[in-house]
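Student: To start, I am sharing the structure in question, which I have written as structure tokens.
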Amino acid sequence: MATVHRIKKPSGKLTLTYYAFFRVATAGGGTKQVKKSTGHTSKAKALRAAMDFEIAAKDEAGAGTDDAAAILAKVTEAGKLALKGRLNPAEGRRLIGEIMKLSGDDTGGNFTLREWVADWFKEKEETIKPSTAYLYKATTAQFIAFMGDKADAPLDAVTTKQVRAYRDSIRKGRTAKTANMKLKVLRSLFGDAVKVAALLHNPTLPIKTLEETDSVPREPFTFAEVGDLVTAAASPDWKGVILVGALTGIRLTDITRLTAGNLDMEREVINVMPRKTEGKGTTVEIPLHPDLVAFFQGHEIPPFAKSPLFPTLHEFNSGGRDGLSDQFKKIMEAAKVDRGIARIKGEGVARTTAARSFHSFRHTFTSWLAKADVPEEVRMKMTGHTESKTHQKYTHQELSTLRAGVERIPRLKKD
């Protein structure tokens with residue numbers, strides 16, 4: 001079987017591209033090793049090319065019959081052991097190793113788990129948005145840490161039981177939704193390995209997703225609470241971020257990444273391409289509320305389009321200790337605004353969660369628009385929602401508002 005490796009130049013440095021190595025039969029009945037550049041820096045792509053090279057070379061030479069017979073004998077041996085009930089994991093791994101050696105690969109496999117994760121992420125990083133890349137990197141790093149020394153074993157040594165144990169370890173401290181999301185990342189990780197023949201079986205496929213019954217619905221802030229939060233914010237940048245969140249519904253990280261070029265004071269609008277949907281290339285334009293116009297008129301706006309609007313918060317990530325979310329929690333505590341803490345139990349696991357966070361501003365903004373009788377299609381355009389079902393989760397209307405709407409429907413008949 002073809003393998004791929006980087007080779008050293010005379011200077012001692014490794015080449016960036018991978019070379020394919022495989023053996024083909026010679027006219028004298030022996031074999032010779034072939035080395036050929038794949039032209040790829042991605043190990044996964046190089047492996048696909050190497051396999052194609054090997055097939056083409058063997059077809060051209062008309063070789064491989066002796067090796068094929070030997071491989072068939074090993075497969076037959078596996079079948080006999082299975083019939084006798086003696087085909088255990090150790091025997092199976094021995095036979096696979098011997099078959100691979102007959103195919104020209106005496107390495108015992110092309111990837112360890114750690115190597116595959118590194119190669120897979122390198123290729124994915126070039127085609128996905130930063131927020132997704134962050135999730136992939138964090139999840140795979142966490143899985144490698146969970147696997148310990150087994151991360152340096154062959155990729156095909158990873159079992160369904162190990163992946164399920166990792167999923168369950170996440171579930172002990174997080175919601176089922178989070179555990180399912182991380183399982184989805186691993187499905188992609190191993191699924192892509194199967195596609196390039198680096199793995200025969202995806203160990204995540206037998207694992208069912210958890211029922212997501214332990215999440216707490218987000219709740220909006222009131223007018224008074226938004227005012228309290230603005231007052232409690234220690235810096236002008238945080239005051240502005242809170243106002244933008246409440247009066248535009250833009251997500252926290254998108255707000256702190258805003259630059260002067262996103263703000264058009266002449267037309268009194270903010271233009272933003274949400275990171276969550278940037279793959280679609282959709283820009284959302286939101287009119288500025290009078291309170292936001294007043295804030296920006298009194299706030300120093302940088303003269304350069306690419307300069308951040310909120311420079312003291314621009315470089316912070318959302319998560320982690322002292323991240324943006326953690327900083328906002330402290331503002332909520334200072335403002336004495338209830339976070340809606342709840343203790344949730346599910347599947348024998350109890351965890352603490354909160355119904356209100358910075359993301360609640362999206363619910364707040366959407367609900368305010370709905371109460372102001374702004375049509376749903378207009379609300380969806382401003383919040384960037386593409387499906388009405390998703391948008392409805394963000395619309396919180398008080399009973400009095402709903403009752404008033406019902407009472408405006410004419411009576412069907414008089415008493």
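Residue numbers start at 1 in each chain; chains themselves are named A, B, ... in the order of the structure tokens; ligands are numbered from 1 in the order shown.
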Enumerate the residues of stretch 95-332 of chain A with a DSSP assignment of helix (DSSP H, G or I), computed from the backbone, and present them as a PyMOL selection string.
Tutor: chain A and resi 95-102+113-125+130-152+155-157+160-171+176-195+223-232+236-248+252-256+260-262+275-280+290-297+324-332
Student: Using C-alpha atoms, can you export the residues from the last selection as a tab-separated table (two decimals), in the first residue's frame?
Tutor:
chain	number	residue	atom	x	y	z
A	95	LEU	CA	-3.72	-9.96	10.03
A	96	ILE	CA	-4.36	-6.36	9.00
A	97	GLY	CA	-0.73	-5.53	9.69
A	98	GLU	CA	0.44	-8.44	7.54
A	99	ILE	CA	-1.91	-7.47	4.72
A	100	MET	CA	-0.64	-3.90	4.82
A	101	LYS	CA	2.94	-5.14	4.72
A	102	LEU	CA	2.17	-7.27	1.67
A	113	LEU	CA	-4.98	10.11	15.94
A	114	ARG	CA	-2.81	13.13	16.75
A	115	GLU	CA	-1.38	13.27	13.21
A	116	TRP	CA	-4.79	12.97	11.58
A	117	VAL	CA	-6.26	15.73	13.76
A	118	ALA	CA	-3.40	18.06	12.82
A	119	ASP	CA	-3.68	17.31	9.10
A	120	TRP	CA	-7.49	17.44	9.08
A	121	PHE	CA	-7.61	20.77	10.90
A	122	LYS	CA	-4.98	22.30	8.63
A	123	GLU	CA	-7.14	21.55	5.59
A	124	LYS	CA	-10.42	22.54	7.26
A	125	GLU	CA	-9.03	25.85	8.54
A	130	PRO	CA	-13.04	31.57	12.25
A	131	SER	CA	-15.76	30.75	14.78
A	132	THR	CA	-16.13	27.24	13.37
A	133	ALA	CA	-12.36	26.80	13.28
A	134	TYR	CA	-12.24	27.76	16.96
A	135	LEU	CA	-14.86	25.10	17.77
A	136	TYR	CA	-13.04	22.41	15.75
A	137	LYS	CA	-9.68	23.22	17.29
A	138	ALA	CA	-11.00	23.34	20.85
A	139	THR	CA	-13.00	20.10	20.49
A	140	THR	CA	-10.22	18.05	18.87
A	141	ALA	CA	-7.64	19.33	21.38
A	142	GLN	CA	-9.99	18.34	24.19
A	143	PHE	CA	-10.52	14.89	22.64
A	144	ILE	CA	-6.77	14.31	22.26
A	145	ALA	CA	-6.25	15.30	25.91
A	146	PHE	CA	-9.05	12.88	26.89
A	147	MET	CA	-7.39	10.05	24.92
A	148	GLY	CA	-4.01	10.63	26.61
A	149	ASP	CA	-1.25	8.29	25.35
A	150	LYS	CA	-3.75	6.61	23.04
A	151	ALA	CA	-3.68	9.73	20.86
A	152	ASP	CA	-0.35	8.47	19.50
A	155	LEU	CA	-6.06	6.14	14.02
A	156	ASP	CA	-8.00	2.91	13.56
A	157	ALA	CA	-7.43	2.05	17.23
A	160	THR	CA	-16.84	3.77	19.62
A	161	LYS	CA	-16.67	3.15	23.37
A	162	GLN	CA	-13.88	5.74	23.75
A	163	VAL	CA	-15.77	8.38	21.74
A	164	ARG	CA	-18.95	7.75	23.73
A	165	ALA	CA	-16.97	8.07	26.99
A	166	TYR	CA	-15.62	11.43	25.78
A	167	ARG	CA	-19.15	12.60	24.88
A	168	ASP	CA	-20.41	11.57	28.30
A	169	SER	CA	-17.53	13.37	30.04
A	170	ILE	CA	-18.65	16.60	28.33
A	171	ARG	CA	-22.25	15.93	29.32
A	176	ALA	CA	-26.77	17.93	25.99
A	177	LYS	CA	-26.70	20.46	23.14
A	178	THR	CA	-23.00	21.14	23.78
A	179	ALA	CA	-22.20	17.42	23.98
A	180	ASN	CA	-24.04	16.81	20.70
A	181	MET	CA	-22.20	19.68	19.03
A	182	LYS	CA	-18.82	18.21	20.01
A	183	LEU	CA	-19.91	14.77	18.84
A	184	LYS	CA	-20.83	16.34	15.48
A	185	VAL	CA	-17.26	17.67	15.16
A	186	LEU	CA	-15.85	14.18	15.77
A	187	ARG	CA	-18.26	12.71	13.22
A	188	SER	CA	-16.73	15.06	10.66
A	189	LEU	CA	-13.18	14.29	11.83
A	190	PHE	CA	-13.54	10.53	11.42
A	191	GLY	CA	-15.92	10.74	8.46
A	192	ASP	CA	-13.31	12.61	6.42
A	193	ALA	CA	-10.73	9.96	7.38
A	194	VAL	CA	-13.01	7.30	5.89
A	195	LYS	CA	-13.40	9.34	2.70
A	223	PHE	CA	-36.07	48.74	29.42
A	224	ALA	CA	-35.13	49.52	33.01
A	225	GLU	CA	-32.58	46.70	33.17
A	226	VAL	CA	-30.87	47.87	29.97
A	227	GLY	CA	-30.56	51.32	31.54
A	228	ASP	CA	-29.10	49.81	34.71
A	229	LEU	CA	-26.57	47.82	32.69
A	230	VAL	CA	-25.42	50.90	30.77
A	231	THR	CA	-25.02	52.80	34.05
A	232	ALA	CA	-23.07	49.94	35.67
A	236	PRO	CA	-17.33	54.02	27.60
A	237	ASP	CA	-16.63	51.08	25.27
A	238	TRP	CA	-18.75	48.72	27.36
A	239	LYS	CA	-21.56	51.31	27.54
A	240	GLY	CA	-21.51	51.49	23.75
A	241	VAL	CA	-21.37	47.72	23.32
A	242	ILE	CA	-24.41	47.27	25.58
A	243	LEU	CA	-26.37	49.96	23.72
A	244	VAL	CA	-25.50	48.42	20.36
A	245	GLY	CA	-26.50	44.97	21.64
A	246	ALA	CA	-29.87	46.15	22.95
A	247	LEU	CA	-30.73	48.43	20.02
A	248	THR	CA	-29.47	46.35	17.07
A	252	LEU	CA	-21.31	40.29	21.28
A	253	THR	CA	-18.21	39.27	19.29
A	254	ASP	CA	-19.59	40.92	16.14
A	255	ILE	CA	-20.02	44.18	18.07
A	256	THR	CA	-16.51	44.20	19.51
A	260	ALA	CA	-15.30	52.74	11.86
A	261	GLY	CA	-16.11	51.48	8.37
A	262	ASN	CA	-19.18	49.64	9.70
A	275	ARG	CA	-19.57	35.94	11.62
A	276	LYS	CA	-22.14	33.18	12.15
A	277	THR	CA	-23.47	33.60	8.60
A	278	GLU	CA	-20.48	35.16	6.84
A	279	GLY	CA	-20.21	32.12	4.59
A	280	LYS	CA	-23.35	33.38	2.83
A	290	PRO	CA	-31.74	57.89	18.54
A	291	ASP	CA	-29.95	56.73	21.71
A	292	LEU	CA	-27.22	55.18	19.57
A	293	VAL	CA	-26.94	58.30	17.42
A	294	ALA	CA	-26.47	60.35	20.59
A	295	PHE	CA	-23.87	57.90	21.93
A	296	PHE	CA	-21.74	57.92	18.78
A	297	GLN	CA	-21.98	61.69	18.50
A	324	LEU	CA	-16.14	39.22	27.03
A	325	SER	CA	-18.91	37.00	28.43
A	326	ASP	CA	-17.22	36.87	31.83
A	327	GLN	CA	-16.81	40.66	31.85
A	328	PHE	CA	-20.51	41.09	31.04
A	329	LYS	CA	-21.47	38.80	33.93
A	330	LYS	CA	-19.65	41.17	36.28
A	331	ILE	CA	-21.53	44.12	34.82
A	332	MET	CA	-24.82	42.29	35.43
Student: Tell me, as a PDB file with N, CA and C atoms, in the first residue's frame, which residues lie within 6 Å of stretch 14-27 of chain A, counting only C-alpha atoms; anything in the same chain fewer than 2 positions away does not count.
Tutor:
ATOM      1  N   ALA A   2       0.464   2.215  -0.768  1.00  0.00           N
ATOM      2  CA  ALA A   2       1.244   3.448  -0.867  1.00  0.00           C
ATOM      3  C   ALA A   2       1.268   4.199   0.456  1.00  0.00           C
ATOM      4  N   THR A   3       2.413   4.791   0.741  1.00  0.00           N
ATOM      5  CA  THR A   3       2.536   5.665   1.907  1.00  0.00           C
ATOM      6  C   THR A   3       3.028   7.019   1.432  1.00  0.00           C
ATOM      7  N   VAL A   4       2.900   8.025   2.297  1.00  0.00           N
ATOM      8  CA  VAL A   4       3.358   9.371   1.942  1.00  0.00           C
ATOM      9  C   VAL A   4       4.241   9.911   3.051  1.00  0.00           C
ATOM     10  N   HIS A   5       5.298  10.620   2.648  1.00  0.00           N
ATOM     11  CA  HIS A   5       6.238  11.183   3.610  1.00  0.00           C
ATOM     12  C   HIS A   5       6.832  12.459   3.037  1.00  0.00           C
ATOM     13  N   ARG A   6       7.241  13.335   3.927  1.00  0.00           N
ATOM     14  CA  ARG A   6       8.058  14.465   3.504  1.00  0.00           C
ATOM     15  C   ARG A   6       9.511  13.999   3.519  1.00  0.00           C
ATOM     16  N   ILE A   7      10.320  14.471   2.571  1.00  0.00           N
ATOM     17  CA  ILE A   7      11.719  14.046   2.512  1.00  0.00           C
ATOM     18  C   ILE A   7      12.633  15.222   2.796  1.00  0.00           C
ATOM     19  N   LYS A   8      13.844  14.912   3.213  1.00  0.00           N
ATOM     20  CA  LYS A   8      14.806  15.959   3.548  1.00  0.00           C
ATOM     21  C   LYS A   8      15.591  16.403   2.314  1.00  0.00           C
ATOM     22  N   GLY A  29      10.767 -10.571 -11.627  1.00  0.00           N
ATOM     23  CA  GLY A  29      10.008 -11.236 -10.574  1.00  0.00           C
ATOM     24  C   GLY A  29      10.157 -10.600  -9.204  1.00  0.00           C
ATOM     25  N   GLY A  30      10.998  -9.580  -9.106  1.00  0.00           N
ATOM     26  CA  GLY A  30      11.160  -8.894  -7.832  1.00  0.00           C
ATOM     27  C   GLY A  30      10.267  -7.674  -7.755  1.00  0.00           C
ATOM     28  N   THR A  31      10.607  -6.779  -6.850  1.00  0.00           N
ATOM     29  CA  THR A  31       9.853  -5.530  -6.720  1.00  0.00           C
ATOM     30  C   THR A  31      10.831  -4.363  -6.610  1.00  0.00           C
ATOM     31  N   LYS A  32      10.343  -3.219  -6.919  1.00  0.00           N
ATOM     32  CA  LYS A  32      11.155  -2.018  -6.741  1.00  0.00           C
ATOM     33  C   LYS A  32      10.296  -0.930  -6.101  1.00  0.00           C
ATOM     34  N   GLN A  33      10.968  -0.063  -5.356  1.00  0.00           N
ATOM     35  CA  GLN A  33      10.248   1.037  -4.716  1.00  0.00           C
ATOM     36  C   GLN A  33      10.178   2.227  -5.664  1.00  0.00           C
ATOM     37  N   VAL A  34       9.006   2.848  -5.704  1.00  0.00           N
ATOM     38  CA  VAL A  34       8.800   4.039  -6.525  1.00  0.00           C
ATOM     39  C   VAL A  34       8.602   5.229  -5.598  1.00  0.00           C
ATOM     40  N   LYS A  35       9.287   6.311  -5.904  1.00  0.00           N
ATOM     41  CA  LYS A  35       9.125   7.560  -5.153  1.00  0.00           C
ATOM     42  C   LYS A  35       8.660   8.625  -6.135  1.00  0.00           C
ATOM     43  N   LYS A  36       7.574   9.312  -5.786  1.00  0.00           N
ATOM     44  CA  LYS A  36       7.023  10.300  -6.710  1.00  0.00           C
ATOM     45  C   LYS A  36       6.369  11.432  -5.930  1.00  0.00           C
ATOM     46  N   SER A  37       6.648  12.663  -6.332  1.00  0.00           N
ATOM     47  CA  SER A  37       6.051  13.814  -5.648  1.00  0.00           C
ATOM     48  C   SER A  37       4.553  13.874  -5.916  1.00  0.00           C
ATOM     49  N   THR A  38       3.775  14.096  -4.846  1.00  0.00           N
ATOM     50  CA  THR A  38       2.321  14.241  -5.015  1.00  0.00           C
ATOM     51  C   THR A  38       1.927  15.672  -5.346  1.00  0.00           C
ATOM     52  N   GLY A  39       2.815  16.619  -5.033  1.00  0.00           N
ATOM     53  CA  GLY A  39       2.502  18.033  -5.269  1.00  0.00           C
ATOM     54  C   GLY A  39       1.587  18.631  -4.227  1.00  0.00           C
ATOM     55  N   HIS A  40       1.300  17.880  -3.152  1.00  0.00           N
ATOM     56  CA  HIS A  40       0.382  18.353  -2.114  1.00  0.00           C
ATOM     57  C   HIS A  40       1.112  18.579  -0.791  1.00  0.00           C
ATOM     58  N   THR A  41       0.694  19.622  -0.068  1.00  0.00           N
ATOM     59  CA  THR A  41       1.216  19.859   1.277  1.00  0.00           C
ATOM     60  C   THR A  41       0.281  19.265   2.329  1.00  0.00           C
ATOM     61  N   ALA A  50      -1.301   9.401  -3.892  1.00  0.00           N
ATOM     62  CA  ALA A  50      -0.379   8.261  -3.839  1.00  0.00           C
ATOM     63  C   ALA A  50      -1.089   6.959  -4.185  1.00  0.00           C
ATOM     64  N   ALA A  63       1.449  -6.091 -12.667  1.00  0.00           N
ATOM     65  CA  ALA A  63       2.022  -6.780 -11.509  1.00  0.00           C
ATOM     66  C   ALA A  63       1.021  -6.918 -10.398  1.00  0.00           C
ATOM     67  N   GLY A 104       2.861  -3.281   0.670  1.00  0.00           N
ATOM     68  CA  GLY A 104       3.962  -2.327   0.544  1.00  0.00           C
ATOM     69  C   GLY A 104       4.031  -1.310   1.645  1.00  0.00           C
TER      70      GLY A 104
END
Student: Which residue is closest to A:Leu200? Choose from A:Ala234, A:Val158, A:Ala46, A:Ala56 and count only C-alpha atoms.
Tutor: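 Comparing A:Ala234, A:Val158, A:Ala46, A:Ala56 against A:Leu200, the winner is A:Val158.
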Student: Could you pull the residues within 10 Å of A:Ala82, counting only C-alpha atoms, minus those fewer than 6 positions along the same chain, as a PDB file with C-alpha atoms, in the first residue's frame?
Tutor:
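Saved file around_35.pdb follows:
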ATOM      1  CA  THR A  76      -9.104 -16.598   4.086  1.00  0.00           C
ATOM      2  CA  ASN A  88     -10.348 -11.529  18.391  1.00  0.00           C
ATOM      3  CA  GLY A  92      -7.491  -9.067  13.560  1.00  0.00           C
TER       4      GLY A  92
END
Student: Atom CA of A:His314 to atom CA of A:Glu266: how many Å, to one decimal?
Tutor: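 Computing it gives 24.0 Å between the two atoms.
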Student: Can you tell me how far atom CA of A:Leu309 sits from atom CA of A:Pro220, in Å to one decimal?
Tutor: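 Answer for the atom CA of A:Leu309 to atom CA of A:Pro220 separation: 25.4 Å.
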Student: Kindly give the distance, in Å, that separates atom CA of A:Thr222 and atom CA of A:Trp368, rounded to a single decimal.
Tutor: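 If I compute the distance from atom CA of A:Thr222 to atom CA of A:Trp368, I get 9.5 Å.
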Student: Could you please write out, as a short mmCIF file (atom, residue, chain, number, x, y, z; two decimals) with C-alpha atoms, in the first residue's frame, every residue of stretch 261-367 of chain A that DSSP assigns to strand (DSSP E)?
Tutor:
data_model
loop_
_atom_site.label_atom_id
_atom_site.label_comp_id
_atom_site.auth_asym_id
_atom_site.auth_seq_id
_atom_site.Cartn_x
_atom_site.Cartn_y
_atom_site.Cartn_z
CA LEU A 263 -20.69 52.89 10.96
CA ASP A 264 -22.37 55.40 8.63
CA VAL A 269 -26.94 53.04 10.03
CA ILE A 270 -24.62 50.20 11.05
CA ASN A 271 -23.59 47.66 8.41
CA VAL A 272 -22.30 44.30 9.62
CA VAL A 284 -27.13 43.29 7.59
CA GLU A 285 -27.95 47.01 7.65
CA ILE A 286 -29.63 48.31 10.82
CA PRO A 287 -30.87 51.89 11.35
CA ILE A 341 -29.72 31.05 37.42
CA ALA A 342 -31.29 27.58 37.43
CA ARG A 343 -30.16 24.12 38.50
CA ILE A 344 -30.99 21.66 35.74
CA LYS A 345 -31.04 17.89 36.16
CA GLY A 346 -30.93 15.42 33.31
CA VAL A 349 -26.34 14.94 35.84
CA ALA A 350 -27.03 18.30 37.46
CA ARG A 351 -25.63 21.58 36.18
CA THR A 352 -26.07 25.29 36.71
CA THR A 353 -27.17 27.47 33.81
CA ALA A 354 -28.44 31.00 33.25
#
Student: Determine the nearest neighbour of A:Glu211 from the options A:Thr175, A:Pro10, A:Val196, A:Lys74, counting only C-alpha atoms.
Tutor: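 Of A:Thr175, A:Pro10, A:Val196, A:Lys74, the one nearest A:Glu211 is A:Thr175, counting only C-alpha atoms.
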Student: Might you pull out every residue within 8 Å of A:Thr259, with only C-alpha atoms counted and same-chain residues fewer than 4 positions away left off, and present them as a list in words?
Tutor: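 Here the qualifying residues turn out to be Leu263, Ala305, Lys306, Ser307, Pro308, Leu309 and Phe310 of chain A.
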Student: Go ahead and dump the residues you just picked, N, CA and C atoms, as a CSV table (one decimal), in the first residue's frame.
Tutor:
chain,number,residue,atom,x,y,z
A,263,LEU,N,-19.8,51.9,10.5
A,263,LEU,CA,-20.7,52.9,11.0
A,263,LEU,C,-20.8,54.0,9.9
A,305,ALA,N,-11.1,53.6,8.4
A,305,ALA,CA,-12.2,52.7,8.3
A,305,ALA,C,-12.0,51.4,9.0
A,306,LYS,N,-10.7,50.9,9.1
A,306,LYS,CA,-10.4,49.6,9.7
A,306,LYS,C,-10.1,49.7,11.2
A,307,SER,N,-10.2,50.9,11.7
A,307,SER,CA,-9.9,51.1,13.2
A,307,SER,C,-11.1,50.6,14.0
A,308,PRO,N,-10.9,49.9,15.1
A,308,PRO,CA,-12.0,49.4,15.9
A,308,PRO,C,-12.8,50.5,16.5
A,309,LEU,N,-14.1,50.3,16.6
A,309,LEU,CA,-15.0,51.3,17.2
A,309,LEU,C,-14.8,51.2,18.7
A,310,PHE,N,-14.6,50.0,19.2
A,310,PHE,CA,-14.4,49.8,20.7
A,310,PHE,C,-13.0,49.2,20.9
